[in-house]
Amino acid sequence: MSIQHRDIPNAQLHEPKGINTALVDTLYLADGLGSGSWKTLGTYGSQVITNNAVGFPVTAAADATLNTTSQYTLLSGVGAPWTSENLFRMAFTTDRLTVSVTGIYLISLWMQLTGFPSNTARVALRYRVNGTGAFSTRKPQTKSDGVSDTEQITGFGLLALNAGDFLQLYVASDTTGSIVFNDANNTLQLVRQTA
């Protein structure tokens, strides 16, 4: 009598196929058809700014609505002292997070601004993949009530990334001057591996 492996009673099953070569921190994910594959359990990392008091220089965008993506500047260098925290299967370099697994990622952004170019300046952020891809559709933003006002920008969403892709943040303002990004946390977390 011939029995298909997928029809063996649960009590008689052995470890999943490939367990001897499975990577650490991976799970066997069933496909519902009697088979499955090994998927990464977790990939995450944060780029952060901590207690910064140096302004980041911006030039006023010609489009005061901050909808024109070509007027956004990479948030890097003077006034953007990014460092990394809690990297697991993710890399950080200067101003970017690079993923090692193809999948759907949750991006979570929180920033505290403690200095603005003017009393009424608007500031918006967008992310961009690989420095040349399309900018994010949405733009979390804030508006100051004073030059030394303290405001926050938050944003989150899901995005598809391929292994080797990197994510960077870009900023725009409707006023020329400096923005002080006092504290920031930009986190990527793998939600579902797709390849």
# chains A, B, ... in the order shown; residues from 1 in each chain; ligands from 1

call {"tool": "residues_around", "arguments": {"residues": "segment 62-67 of chain A", "least_positions_apart": "6", "cutoff": "9 Å", "atoms": "only C-alpha atoms", "output": "mmCIF file with N, CA and C atoms, in the first residue's frame"}}
result
data_model
loop_
_atom_site.group_PDB
_atom_site.id
_atom_site.type_symbol
_atom_site.label_atom_id
_atom_site.label_comp_id
_atom_site.auth_asym_id
_atom_site.auth_seq_id
_atom_site.Cartn_x
_atom_site.Cartn_y
_atom_site.Cartn_z
ATOM 1 N N ARG A 122 6.952 74.994 7.260
ATOM 2 C CA ARG A 122 6.428 73.638 7.112
ATOM 3 C C ARG A 122 7.591 72.738 6.713
ATOM 4 N N VAL A 123 7.626 71.535 7.289
ATOM 5 C CA VAL A 123 8.679 70.567 7.013
ATOM 6 C C VAL A 123 8.014 69.226 6.712
ATOM 7 N N ALA A 124 8.469 68.562 5.658
ATOM 8 C CA ALA A 124 7.917 67.255 5.294
ATOM 9 C C ALA A 124 9.052 66.283 5.005
ATOM 10 N N LYS A 139 3.769 61.946 2.662
ATOM 11 C CA LYS A 139 4.816 62.812 3.218
ATOM 12 C C LYS A 139 4.407 63.285 4.612
ATOM 13 N N ALA A 172 12.053 68.310 2.954
ATOM 14 C CA ALA A 172 11.773 69.559 2.233
ATOM 15 C C ALA A 172 11.111 70.530 3.204
ATOM 16 N N SER A 173 11.299 71.814 2.944
ATOM 17 C CA SER A 173 10.673 72.860 3.751
ATOM 18 C C SER A 173 10.206 73.966 2.822
ATOM 19 N N ASP A 174 9.196 74.701 3.249
ATOM 20 C CA ASP A 174 8.731 75.830 2.435
ATOM 21 C C ASP A 174 9.489 77.115 2.765
ATOM 22 N N THR A 175 10.520 77.003 3.642
ATOM 23 C CA THR A 175 11.299 78.162 4.069
ATOM 24 C C THR A 175 12.788 77.814 4.089
#

call {"tool": "select_by_dssp", "arguments": {"residues": "segment 7-136 of chain A", "states": "strand (DSSP E or B)", "output": "PyMOL selection string"}}
result
chain A and resi 26-30+36-40+44-49+56-58+73-74+77+80+83-88+90-93+96-99+103-115+122-129+135

call {"tool": "select_by_dssp", "arguments": {"residues": "chain A", "states": "helix (DSSP H, G or I)", "output": "list in words"}}
result
His5, Arg6, Asp7, Asn10, Ala11, Gln12, Thr69, Ser70 and Gln71 of chain A

call {"tool": "closest_residue", "arguments": {"among": "A:Gly155, A:Gly18, A:Gly146, A:Gly55", "to": "Asn186 of chain A", "atoms": "only C-alpha atoms"}}
result
A:Gly155

call {"tool": "atom_distance", "arguments": {"atom1": "atom CA of Arg89 of chain A", "atom2": "atom CA of Gly42 of chain A"}}
result
8.0 Å

call {"tool": "closest_residue", "arguments": {"among": "A:Val101, A:Val147, A:Gln193, A:Gly164", "to": "Leu29 of chain A", "atoms": "only C-alpha atoms"}}
result
A:Gln193

call {"tool": "closest_residue", "arguments": {"among": "A:Thr114, A:Ser46, A:Ser70, A:Thr59", "to": "Gln152 of chain A", "atoms": "only C-alpha atoms"}}
result
A:Thr114

call {"tool": "atom_distance", "arguments": {"atom1": "atom CA of Val54 of chain A", "atom2": "atom CA of Gly77 of chain A"}}
result
10.6 Å

call {"tool": "closest_residue", "arguments": {"among": "A:Leu33, A:Ala60, A:Val48, A:Leu74", "to": "Tyr127 of chain A", "atoms": "only C-alpha atoms"}}
result
A:Leu74
